[in-house]
file structure.cif (mmCIF, C-alpha atoms)
data_final
#
loop_
_atom_site.label_atom_id
_atom_site.label_comp_id
_atom_site.auth_asym_id
_atom_site.auth_seq_id
_atom_site.Cartn_x
_atom_site.Cartn_y
_atom_site.Cartn_z
CA MET A 1 59.99 -85.84 23.28
CA ILE A 2 60.50 -87.61 26.57
CA ALA A 3 63.96 -89.19 26.72
CA GLN A 4 64.01 -92.99 26.77
CA THR A 5 66.56 -93.52 29.51
CA PRO A 6 67.71 -96.85 31.01
CA ASN A 7 66.89 -97.94 34.54
CA PRO A 8 68.47 -95.76 37.25
CA PRO A 9 71.00 -94.95 38.47
CA TYR A 10 72.20 -92.53 35.80
CA TYR A 11 72.95 -88.80 35.75
CA ALA A 12 70.94 -85.72 34.75
CA VAL A 13 72.30 -82.26 34.00
CA ILE A 14 69.59 -79.64 34.51
CA PHE A 15 70.51 -76.43 32.66
CA THR A 16 68.09 -73.56 33.38
CA SER A 17 68.68 -70.27 31.59
CA VAL A 18 67.30 -66.81 30.87
CA ARG A 19 68.19 -65.48 27.44
CA THR A 20 69.26 -62.04 26.29
CA GLU A 21 67.61 -60.79 23.06
CA PRO A 22 66.65 -63.48 20.53
CA ASP A 23 69.44 -64.20 18.10
CA LEU A 24 69.40 -66.53 15.09
CA ALA A 25 72.97 -67.64 15.79
CA TYR A 26 71.88 -68.90 19.21
CA THR A 27 69.18 -71.13 17.75
CA GLU A 28 71.62 -72.55 15.22
CA MET A 29 74.24 -73.17 17.90
CA ALA A 30 71.69 -74.83 20.20
CA THR A 31 70.71 -77.23 17.40
CA VAL A 32 74.35 -78.01 16.60
CA MET A 33 75.12 -78.64 20.29
CA HIS A 34 72.10 -80.93 20.71
CA GLU A 35 73.21 -82.97 17.69
CA LEU A 36 76.82 -83.07 18.88
CA ALA A 37 75.81 -84.10 22.42
CA LYS A 38 73.91 -87.06 20.97
CA THR A 39 77.12 -88.44 19.47
CA GLN A 40 79.08 -88.37 22.75
CA ASP A 41 80.02 -91.49 24.68
CA GLY A 42 77.69 -91.93 27.66
CA PHE A 43 74.90 -89.70 26.30
CA LEU A 44 71.47 -91.14 27.16
CA GLY A 45 68.95 -88.51 26.06
CA ILE A 46 67.86 -84.86 26.11
CA GLU A 47 64.68 -82.88 26.83
CA SER A 48 64.25 -79.16 26.25
CA ALA A 49 61.57 -76.45 26.49
CA ARG A 50 61.62 -72.65 26.73
CA GLU A 51 59.05 -70.10 27.89
CA ASN A 52 60.16 -67.43 30.38
CA VAL A 53 63.04 -69.70 31.25
CA GLY A 54 64.67 -72.38 29.16
CA ILE A 55 65.13 -75.79 30.72
CA THR A 56 67.35 -78.37 29.04
CA VAL A 57 67.87 -81.67 30.80
CA SER A 58 70.49 -84.00 29.36
CA TYR A 59 70.97 -87.53 30.65
CA TRP A 60 74.32 -89.29 30.97
CA ARG A 61 75.72 -92.66 31.97
CA ASP A 62 78.15 -91.27 34.56
CA LEU A 63 80.06 -88.21 35.81
CA GLU A 64 82.99 -88.99 33.52
CA SER A 65 80.88 -88.61 30.36
CA ILE A 66 79.45 -85.30 31.69
CA LYS A 67 82.97 -84.03 32.38
CA LYS A 68 84.15 -84.96 28.88
CA TRP A 69 81.17 -83.24 27.25
CA LYS A 70 81.74 -80.09 29.31
CA ALA A 71 85.37 -80.03 28.11
CA HIS A 72 84.62 -80.82 24.42
CA SER A 73 86.31 -78.13 22.32
CA GLU A 74 83.26 -77.13 20.24
CA HIS A 75 81.08 -77.15 23.35
CA LEU A 76 83.61 -74.94 25.17
CA GLN A 77 83.34 -72.42 22.33
CA ALA A 78 79.52 -72.50 22.60
CA GLN A 79 79.72 -72.00 26.39
CA LYS A 80 81.99 -68.99 25.88
CA LEU A 81 79.58 -67.39 23.38
CA GLY A 82 76.73 -68.16 25.77
CA ARG A 83 78.36 -66.18 28.56
CA GLU A 84 79.46 -63.35 26.24
CA LYS A 85 76.24 -62.91 24.27
CA TRP A 86 73.28 -65.19 24.78
CA TYR A 87 72.58 -65.71 28.47
CA GLN A 88 71.45 -63.18 31.03
CA THR A 89 71.84 -65.85 33.69
CA TYR A 90 71.96 -69.62 33.95
CA LYS A 91 72.26 -72.37 36.51
CA THR A 92 73.59 -75.89 35.97
CA ARG A 93 72.77 -78.72 38.36
CA ILE A 94 74.48 -82.13 38.25
CA CYS A 95 72.15 -84.80 39.61
CA LEU A 96 72.14 -88.51 40.30
CA VAL A 97 68.81 -89.96 39.12
CA GLU A 98 67.93 -92.45 41.84
CA ARG A 99 64.45 -93.48 40.75
CA ASP A 100 62.02 -92.89 37.89
CA TYR A 101 58.54 -93.92 36.83
CA GLU A 102 56.29 -93.17 33.91
CA PHE A 103 52.74 -93.16 32.61
CA SER A 104 51.46 -93.66 29.09
CA ARG A 105 47.88 -93.58 27.91
CA MET E 1 62.62 -67.68 36.94
CA ILE E 2 65.61 -69.72 38.00
CA ALA E 3 65.03 -71.26 41.43
CA GLN E 4 67.24 -69.88 44.20
CA THR E 5 68.21 -73.16 45.83
CA PRO E 6 70.62 -73.67 48.76
CA ASN E 7 74.00 -75.34 48.42
CA PRO E 8 73.83 -79.04 47.45
CA PRO E 9 73.00 -81.70 48.37
CA TYR E 10 69.25 -81.35 47.84
CA TYR E 11 66.71 -83.14 45.67
CA ALA E 12 65.17 -82.41 42.26
CA VAL E 13 62.03 -83.95 40.80
CA ILE E 14 62.09 -83.71 37.00
CA PHE E 15 58.57 -84.10 35.60
CA THR E 16 58.50 -84.30 31.78
CA SER E 17 55.11 -84.56 30.08
CA VAL E 18 53.28 -84.53 26.78
CA ARG E 19 49.78 -83.06 26.97
CA THR E 20 46.52 -84.14 25.41
CA GLU E 21 44.40 -81.31 23.92
CA PRO E 22 44.71 -77.92 25.64
CA ASP E 23 42.19 -77.52 28.45
CA LEU E 24 41.56 -74.44 30.62
CA ALA E 25 41.01 -76.61 33.69
CA TYR E 26 44.55 -77.98 33.30
CA THR E 27 46.11 -74.52 33.34
CA GLU E 28 44.12 -73.58 36.43
CA MET E 29 45.06 -76.81 38.20
CA ALA E 30 48.75 -76.37 37.31
CA THR E 31 48.71 -72.89 38.84
CA VAL E 32 46.96 -74.14 42.00
CA MET E 33 49.44 -77.02 42.35
CA HIS E 34 52.44 -74.70 41.93
CA GLU E 35 51.09 -72.42 44.63
CA LEU E 36 50.27 -75.33 46.93
CA ALA E 37 53.72 -76.92 46.42
CA LYS E 38 55.33 -73.66 47.52
CA THR E 39 53.65 -73.93 50.93
CA GLN E 40 54.91 -77.47 51.64
CA ASP E 41 57.58 -78.23 54.20
CA GLY E 42 60.92 -78.89 52.47
CA PHE E 43 59.99 -77.10 49.20
CA LEU E 44 62.99 -75.20 47.79
CA GLY E 45 61.89 -73.92 44.39
CA ILE E 46 60.31 -74.69 41.01
CA GLU E 47 61.11 -74.09 37.34
CA SER E 48 58.76 -74.81 34.44
CA ALA E 49 58.58 -74.45 30.65
CA ARG E 50 56.51 -76.04 27.90
CA GLU E 51 56.97 -76.35 24.13
CA ASN E 52 56.58 -79.79 22.52
CA VAL E 53 57.15 -81.26 25.96
CA GLY E 54 56.56 -79.70 29.34
CA ILE E 55 59.39 -79.82 31.86
CA THR E 56 58.73 -78.93 35.48
CA VAL E 57 61.58 -79.28 37.94
CA SER E 58 60.76 -78.89 41.62
CA TYR E 59 63.46 -78.79 44.27
CA TRP E 60 63.16 -80.31 47.75
CA ARG E 61 65.15 -80.60 50.94
CA ASP E 62 64.95 -84.40 51.14
CA LEU E 63 63.12 -87.54 49.99
CA GLU E 64 60.69 -87.30 52.91
CA SER E 65 59.33 -83.94 51.76
CA ILE E 66 58.95 -85.30 48.18
CA LYS E 67 57.05 -88.31 49.52
CA LYS E 68 54.70 -86.11 51.55
CA TRP E 69 53.98 -83.84 48.59
CA LYS E 70 53.27 -86.85 46.35
CA ALA E 71 50.75 -88.11 48.93
CA HIS E 72 49.10 -84.70 49.59
CA SER E 73 45.33 -85.18 49.14
CA GLU E 74 44.77 -82.26 46.72
CA HIS E 75 47.87 -83.25 44.76
CA LEU E 76 46.62 -86.86 44.55
CA GLN E 77 43.39 -85.60 43.01
CA ALA E 78 45.39 -83.54 40.48
CA GLN E 79 47.54 -86.58 39.62
CA LYS E 80 44.39 -88.65 39.04
CA LEU E 81 42.90 -86.03 36.68
CA GLY E 82 46.27 -85.82 34.94
CA ARG E 83 46.23 -89.52 34.12
CA GLU E 84 42.53 -89.53 33.22
CA LYS E 85 42.44 -86.40 31.06
CA TRP E 86 45.48 -84.22 30.64
CA TYR E 87 48.58 -86.27 29.92
CA GLN E 88 49.34 -88.43 26.91
CA THR E 89 52.49 -89.57 28.67
CA TYR E 90 54.81 -88.41 31.44
CA LYS E 91 57.98 -89.42 33.20
CA THR E 92 59.06 -88.49 36.72
CA ARG E 93 62.68 -88.69 37.83
CA ILE E 94 63.80 -88.34 41.46
CA CYS E 95 67.34 -86.98 41.61
CA LEU E 96 69.96 -86.08 44.16
CA VAL E 97 71.55 -82.75 43.17
CA GLU E 98 75.22 -83.28 43.92
CA ARG E 99 76.70 -80.08 42.52
CA ASP E 100 75.55 -76.82 40.96
CA TYR E 101 77.07 -73.65 39.54
CA GLU E 102 75.70 -70.50 37.97
CA PHE E 103 76.47 -67.51 35.80
CA SER E 104 74.97 -64.03 35.88
CA ARG E 105 75.79 -61.13 33.63
#

call {"tool": "encode", "arguments": {"input": "structure.cif", "output": "structure tokens"}}
result
Amino acid sequence: MIAQTPNPPYYAVIFTSVRTEPDLAYTEMATVMHELAKTQDGFLGIESARENVGITVSYWRDLESIKKWKAHSEHLQAQKLGREKWYQTYKTRICLVERDYEFSR
Amino acid sequence: MIAQTPNPPYYAVIFTSVRTEPDLAYTEMATVMHELAKTQDGFLGIESARENVGITVSYWRDLESIKKWKAHSEHLQAQKLGREKWYQTYKTRICLVERDYEFSR
């Protein structure tokens, strides 16, 4: 679903990736990492979809909480497996959300 | 594919949406808008995927080019149809990309 984030400013991490061959362990790890991210201090929300590319956007209170999540021991292990096995290529962008607006029917 | 963007800083527009019922006209309009966006001054790239939510991230040189694209007459018409017919809900976030890094196998 669409993340219910507070009023800006806050941070977004846009993670865009192209996978190698599908792998059940990847799906399990992705679920575990989503659940673990949600428990981190400063986590605000997450949105994710995959077709030809996967796009996961996670939202954070500040750069410090992003830095801590990147350095979390279980997340480090997942990142290592990602580079070794699961990702053909990826790009991570750290962004300051300056403004947002929404529509609902 | 993953957008080949220049070194930061640049801007990202994260558009997250939930659709109403599938509609061929929507798919056609989305394709036309992607192609039209690519021709705009300041456009840097686009990434898109849809599962339960759709996430489209477009990248831009500056706020001015985002503002012009938002006000483009054909894009305005597409936005209007989006609110009238195609989207249950959406959220748009305007972000300054401060830092990025990538991995390739």

call {"tool": "closest_atom_pairs", "arguments": {"input": "structure.cif", "of": "chain A", "to": "chain E", "cutoff": "8 Å", "atoms": "all atoms listed in the file", "output": "JSON lines"}}
result
{"residue": "A:Met1", "atom": "CA", "partner": "E:Val53", "partner_atom": "CA", "distance": 6.0}
{"residue": "A:Ile2", "atom": "CA", "partner": "E:Thr16", "partner_atom": "CA", "distance": 6.5}
{"residue": "A:Ala12", "atom": "CA", "partner": "E:Cys95", "partner_atom": "CA", "distance": 7.8}
{"residue": "A:Thr16", "atom": "CA", "partner": "E:Ile2", "partner_atom": "CA", "distance": 6.5}
{"residue": "A:Ser17", "atom": "CA", "partner": "E:Ile2", "partner_atom": "CA", "distance": 7.1}
{"residue": "A:Val18", "atom": "CA", "partner": "E:Met1", "partner_atom": "CA", "distance": 7.7}
{"residue": "A:Glu47", "atom": "CA", "partner": "E:Val53", "partner_atom": "CA", "distance": 7.8}
{"residue": "A:Ser48", "atom": "CA", "partner": "E:Val53", "partner_atom": "CA", "distance": 7.4}
{"residue": "A:Ala49", "atom": "CA", "partner": "E:Glu51", "partner_atom": "CA", "distance": 5.2}
{"residue": "A:Arg50", "atom": "CA", "partner": "E:Ala49", "partner_atom": "CA", "distance": 5.3}
{"residue": "A:Glu51", "atom": "CA", "partner": "E:Ala49", "partner_atom": "CA", "distance": 5.2}
{"residue": "A:Asn52", "atom": "CA", "partner": "E:Met1", "partner_atom": "CA", "distance": 7.0}
{"residue": "A:Val53", "atom": "CA", "partner": "E:Met1", "partner_atom": "CA", "distance": 6.1}
{"residue": "A:Gly54", "atom": "CA", "partner": "E:Ala49", "partner_atom": "CA", "distance": 6.6}
{"residue": "A:Ile55", "atom": "CA", "partner": "E:Ala49", "partner_atom": "CA", "distance": 6.7}
{"residue": "A:Arg83", "atom": "CA", "partner": "E:Phe103", "partner_atom": "CA", "distance": 7.6}
{"residue": "A:Tyr87", "atom": "CA", "partner": "E:Arg105", "partner_atom": "CA", "distance": 7.6}
{"residue": "A:Gln88", "atom": "CA", "partner": "E:Arg105", "partner_atom": "CA", "distance": 5.5}
{"residue": "A:Thr89", "atom": "CA", "partner": "E:Ser104", "partner_atom": "CA", "distance": 4.2}
{"residue": "A:Tyr90", "atom": "CA", "partner": "E:Phe103", "partner_atom": "CA", "distance": 5.3}
{"residue": "A:Lys91", "atom": "CA", "partner": "E:Glu102", "partner_atom": "CA", "distance": 4.2}
{"residue": "A:Thr92", "atom": "CA", "partner": "E:Asp100", "partner_atom": "CA", "distance": 5.4}
{"residue": "A:Arg93", "atom": "CA", "partner": "E:Asp100", "partner_atom": "CA", "distance": 4.3}
{"residue": "A:Ile94", "atom": "CA", "partner": "E:Arg99", "partner_atom": "CA", "distance": 5.2}
{"residue": "A:Cys95", "atom": "CA", "partner": "E:Val97", "partner_atom": "CA", "distance": 4.2}
{"residue": "A:Leu96", "atom": "CA", "partner": "E:Leu96", "partner_atom": "CA", "distance": 5.1}
{"residue": "A:Val97", "atom": "CA", "partner": "E:Cys95", "partner_atom": "CA", "distance": 4.2}
{"residue": "A:Glu98", "atom": "CA", "partner": "E:Cys95", "partner_atom": "CA", "distance": 5.5}
{"residue": "A:Arg99", "atom": "CA", "partner": "E:Ile94", "partner_atom": "CA", "distance": 5.2}
{"residue": "A:Asp100", "atom": "CA", "partner": "E:Arg93", "partner_atom": "CA", "distance": 4.3}
{"residue": "A:Tyr101", "atom": "CA", "partner": "E:Thr92", "partner_atom": "CA", "distance": 5.5}
{"residue": "A:Glu102", "atom": "CA", "partner": "E:Lys91", "partner_atom": "CA", "distance": 4.2}
{"residue": "A:Phe103", "atom": "CA", "partner": "E:Tyr90", "partner_atom": "CA", "distance": 5.3}
{"residue": "A:Ser104", "atom": "CA", "partner": "E:Thr89", "partner_atom": "CA", "distance": 4.2}
{"residue": "A:Arg105", "atom": "CA", "partner": "E:Gln88", "partner_atom": "CA", "distance": 5.4}

call {"tool": "calpha_fit_and_write", "arguments": {"input": "structure.cif", "fixed": "chain A", "moving": "chain E", "output": "compact mmCIF listing (two decimals) with C-alpha atoms, in the coordinates of the input"}}
result
# COMPACT_ATOMS: atom_id res chain seq x y z
CA MET E 1 59.99 -85.87 23.27
CA ILE E 2 60.51 -87.62 26.57
CA ALA E 3 63.97 -89.19 26.73
CA GLN E 4 64.00 -92.99 26.75
CA THR E 5 66.55 -93.51 29.51
CA PRO E 6 67.70 -96.84 31.00
CA ASN E 7 66.89 -97.94 34.53
CA PRO E 8 68.46 -95.76 37.26
CA PRO E 9 71.01 -94.95 38.47
CA TYR E 10 72.18 -92.52 35.79
CA TYR E 11 72.94 -88.80 35.75
CA ALA E 12 70.94 -85.71 34.75
CA VAL E 13 72.31 -82.26 34.00
CA ILE E 14 69.59 -79.63 34.50
CA PHE E 15 70.50 -76.43 32.66
CA THR E 16 68.09 -73.55 33.39
CA SER E 17 68.67 -70.25 31.59
CA VAL E 18 67.28 -66.82 30.88
CA ARG E 19 68.17 -65.47 27.44
CA THR E 20 69.26 -62.04 26.30
CA GLU E 21 67.59 -60.78 23.08
CA PRO E 22 66.63 -63.47 20.55
CA ASP E 23 69.44 -64.19 18.10
CA LEU E 24 69.40 -66.54 15.09
CA ALA E 25 72.97 -67.63 15.79
CA TYR E 26 71.87 -68.90 19.21
CA THR E 27 69.17 -71.12 17.75
CA GLU E 28 71.61 -72.55 15.22
CA MET E 29 74.24 -73.17 17.90
CA ALA E 30 71.69 -74.84 20.20
CA THR E 31 70.71 -77.22 17.40
CA VAL E 32 74.36 -78.02 16.61
CA MET E 33 75.13 -78.64 20.30
CA HIS E 34 72.11 -80.95 20.70
CA GLU E 35 73.22 -82.97 17.70
CA LEU E 36 76.83 -83.07 18.87
CA ALA E 37 75.82 -84.11 22.42
CA LYS E 38 73.92 -87.06 20.96
CA THR E 39 77.14 -88.45 19.46
CA GLN E 40 79.09 -88.38 22.75
CA ASP E 41 80.02 -91.50 24.66
CA GLY E 42 77.70 -91.94 27.66
CA PHE E 43 74.90 -89.70 26.29
CA LEU E 44 71.46 -91.13 27.16
CA GLY E 45 68.95 -88.51 26.06
CA ILE E 46 67.86 -84.86 26.12
CA GLU E 47 64.68 -82.90 26.83
CA SER E 48 64.24 -79.16 26.26
CA ALA E 49 61.57 -76.45 26.50
CA ARG E 50 61.61 -72.67 26.72
CA GLU E 51 59.05 -70.09 27.88
CA ASN E 52 60.15 -67.42 30.37
CA VAL E 53 63.05 -69.69 31.25
CA GLY E 54 64.68 -72.37 29.16
CA ILE E 55 65.13 -75.80 30.73
CA THR E 56 67.34 -78.36 29.04
CA VAL E 57 67.88 -81.67 30.80
CA SER E 58 70.50 -84.00 29.36
CA TYR E 59 70.97 -87.52 30.65
CA TRP E 60 74.33 -89.30 30.98
CA ARG E 61 75.72 -92.66 31.99
CA ASP E 62 78.15 -91.27 34.57
CA LEU E 63 80.05 -88.20 35.81
CA GLU E 64 82.99 -88.99 33.52
CA SER E 65 80.89 -88.62 30.37
CA ILE E 66 79.46 -85.30 31.69
CA LYS E 67 82.98 -84.05 32.37
CA LYS E 68 84.15 -84.97 28.87
CA TRP E 69 81.18 -83.26 27.24
CA LYS E 70 81.75 -80.10 29.31
CA ALA E 71 85.38 -80.03 28.10
CA HIS E 72 84.60 -80.82 24.42
CA SER E 73 86.32 -78.13 22.32
CA GLU E 74 83.26 -77.14 20.23
CA HIS E 75 81.09 -77.15 23.35
CA LEU E 76 83.62 -74.93 25.16
CA GLN E 77 83.35 -72.41 22.34
CA ALA E 78 79.53 -72.51 22.61
CA GLN E 79 79.73 -72.00 26.39
CA LYS E 80 82.00 -68.98 25.87
CA LEU E 81 79.58 -67.38 23.37
CA GLY E 82 76.74 -68.16 25.77
CA ARG E 83 78.36 -66.17 28.55
CA GLU E 84 79.47 -63.36 26.23
CA LYS E 85 76.24 -62.91 24.26
CA TRP E 86 73.29 -65.19 24.79
CA TYR E 87 72.57 -65.71 28.47
CA GLN E 88 71.45 -63.17 31.04
CA THR E 89 71.84 -65.84 33.69
CA TYR E 90 71.96 -69.63 33.94
CA LYS E 91 72.26 -72.37 36.51
CA THR E 92 73.58 -75.89 35.97
CA ARG E 93 72.77 -78.72 38.36
CA ILE E 94 74.48 -82.13 38.26
CA CYS E 95 72.16 -84.80 39.62
CA LEU E 96 72.14 -88.50 40.30
CA VAL E 97 68.80 -89.95 39.12
CA GLU E 98 67.92 -92.43 41.84
CA ARG E 99 64.44 -93.47 40.75
CA ASP E 100 62.03 -92.89 37.88
CA TYR E 101 58.53 -93.93 36.84
CA GLU E 102 56.28 -93.17 33.91
CA PHE E 103 52.74 -93.16 32.62
CA SER E 104 51.46 -93.65 29.08
CA ARG E 105 47.89 -93.58 27.91

call {"tool": "axis_aligned_box", "arguments": {"input": "structure.cif", "around": "stretch 27-39 of chain E", "padding_each_side": "3 Å", "output": "lines of an AutoDock Vina configuration file"}}
result
center_x = 49.7
center_y = -74.7
center_z = 42.1
size_x = 17.2
size_y = 10.6
size_z = 23.6

call {"tool": "atom_distance", "arguments": {"input": "structure.cif", "atom1": "atom CA of E:Ile46", "atom2": "atom CA of E:His72"}}
result
17.3 Å

call {"tool": "residues_around", "arguments": {"input": "structure.cif", "residues": "E:Trp69", "least_positions_apart": "3", "cutoff": "10 Å", "atoms": "only C-alpha atoms", "output": "PDB file with C-alpha atoms, keeping the file's coordinate frame"}}
result
ATOM      1  CA  LEU E  36      50.270 -75.330  46.930  1.00  0.00           C
ATOM      2  CA  ALA E  37      53.720 -76.920  46.420  1.00  0.00           C
ATOM      3  CA  GLN E  40      54.910 -77.470  51.640  1.00  0.00           C
ATOM      4  CA  ASP E  41      57.580 -78.230  54.200  1.00  0.00           C
ATOM      5  CA  GLY E  42      60.920 -78.890  52.470  1.00  0.00           C
ATOM      6  CA  PHE E  43      59.990 -77.100  49.200  1.00  0.00           C
ATOM      7  CA  TRP E  60      63.160 -80.310  47.750  1.00  0.00           C
ATOM      8  CA  LEU E  63      63.120 -87.540  49.990  1.00  0.00           C
ATOM      9  CA  GLU E  64      60.690 -87.300  52.910  1.00  0.00           C
ATOM     10  CA  SER E  65      59.330 -83.940  51.760  1.00  0.00           C
ATOM     11  CA  ILE E  66      58.950 -85.300  48.180  1.00  0.00           C
ATOM     12  CA  HIS E  72      49.100 -84.700  49.590  1.00  0.00           C
ATOM     13  CA  SER E  73      45.330 -85.180  49.140  1.00  0.00           C
ATOM     14  CA  GLU E  74      44.770 -82.260  46.720  1.00  0.00           C
ATOM     15  CA  HIS E  75      47.870 -83.250  44.760  1.00  0.00           C
ATOM     16  CA  LEU E  76      46.620 -86.860  44.550  1.00  0.00           C
TER      17      LEU E  76
END

call {"tool": "atom_distance", "arguments": {"input": "structure.cif", "atom1": "atom CA of E:Gly82", "atom2": "atom CA of E:Lys67"}}
result
18.3 Å

call {"tool": "residues_around", "arguments": {"input": "structure.cif", "residues": "stretch 21-31 of chain A", "least_positions_apart": "3", "cutoff": "8 Å", "atoms": "only C-alpha atoms", "output": "count of residues only"}}
result
4

call {"tool": "atom_distance", "arguments": {"input": "structure.cif", "atom1": "atom CA of A:Ala71", "atom2": "atom CA of A:Thr5"}}
result
23.2 Å

call {"tool": "build_atoms", "arguments": {"input": "structure.cif", "residues": "stretch 11-25 of chain A", "atoms": "N, CA and C atoms", "output": "mmCIF file, keeping the file's coordinate frame"}}
result
data_model
loop_
_atom_site.group_PDB
_atom_site.id
_atom_site.type_symbol
_atom_site.label_atom_id
_atom_site.label_comp_id
_atom_site.auth_asym_id
_atom_site.auth_seq_id
_atom_site.Cartn_x
_atom_site.Cartn_y
_atom_site.Cartn_z
ATOM 1 N N TYR A 11 72.824 -90.212 35.374
ATOM 2 C CA TYR A 11 72.950 -88.800 35.750
ATOM 3 C C TYR A 11 72.086 -87.890 34.885
ATOM 4 N N ALA A 12 71.643 -86.779 35.479
ATOM 5 C CA ALA A 12 70.940 -85.720 34.750
ATOM 6 C C ALA A 12 71.687 -84.408 34.945
ATOM 7 N N VAL A 13 71.787 -83.628 33.897
ATOM 8 C CA VAL A 13 72.300 -82.260 34.000
ATOM 9 C C VAL A 13 71.145 -81.329 33.679
ATOM 10 N N ILE A 14 70.690 -80.595 34.688
ATOM 11 C CA ILE A 14 69.590 -79.640 34.510
ATOM 12 C C ILE A 14 70.220 -78.266 34.236
ATOM 13 N N PHE A 15 69.962 -77.737 33.040
ATOM 14 C CA PHE A 15 70.510 -76.430 32.660
ATOM 15 C C PHE A 15 69.330 -75.473 32.484
ATOM 16 N N THR A 16 69.194 -74.524 33.405
ATOM 17 C CA THR A 16 68.090 -73.560 33.380
ATOM 18 C C THR A 16 68.671 -72.196 33.028
ATOM 19 N N SER A 17 68.073 -71.509 32.060
ATOM 20 C CA SER A 17 68.680 -70.270 31.590
ATOM 21 C C SER A 17 67.635 -69.205 31.268
ATOM 22 N N VAL A 18 68.075 -67.951 31.355
ATOM 23 C CA VAL A 18 67.300 -66.810 30.870
ATOM 24 C C VAL A 18 68.123 -66.169 29.778
ATOM 25 N N ARG A 19 67.506 -65.995 28.619
ATOM 26 C CA ARG A 19 68.190 -65.480 27.440
ATOM 27 C C ARG A 19 68.305 -63.949 27.462
ATOM 28 N N THR A 20 69.256 -63.451 26.667
ATOM 29 C CA THR A 20 69.260 -62.040 26.290
ATOM 30 C C THR A 20 68.310 -61.905 25.096
ATOM 31 N N GLU A 21 68.486 -60.942 24.229
ATOM 32 C CA GLU A 21 67.610 -60.790 23.060
ATOM 33 C C GLU A 21 67.718 -61.998 22.129
ATOM 34 N N PRO A 22 66.593 -62.386 21.499
ATOM 35 C CA PRO A 22 66.650 -63.480 20.530
ATOM 36 C C PRO A 22 67.700 -63.225 19.447
ATOM 37 N N ASP A 23 68.276 -64.302 18.969
ATOM 38 C CA ASP A 23 69.440 -64.200 18.100
ATOM 39 C C ASP A 23 69.463 -65.494 17.280
ATOM 40 N N LEU A 24 69.451 -65.357 15.953
ATOM 41 C CA LEU A 24 69.400 -66.530 15.090
ATOM 42 C C LEU A 24 70.599 -67.451 15.314
ATOM 43 N N ALA A 25 71.751 -66.842 15.579
ATOM 44 C CA ALA A 25 72.970 -67.640 15.790
ATOM 45 C C ALA A 25 72.825 -68.543 17.008
#
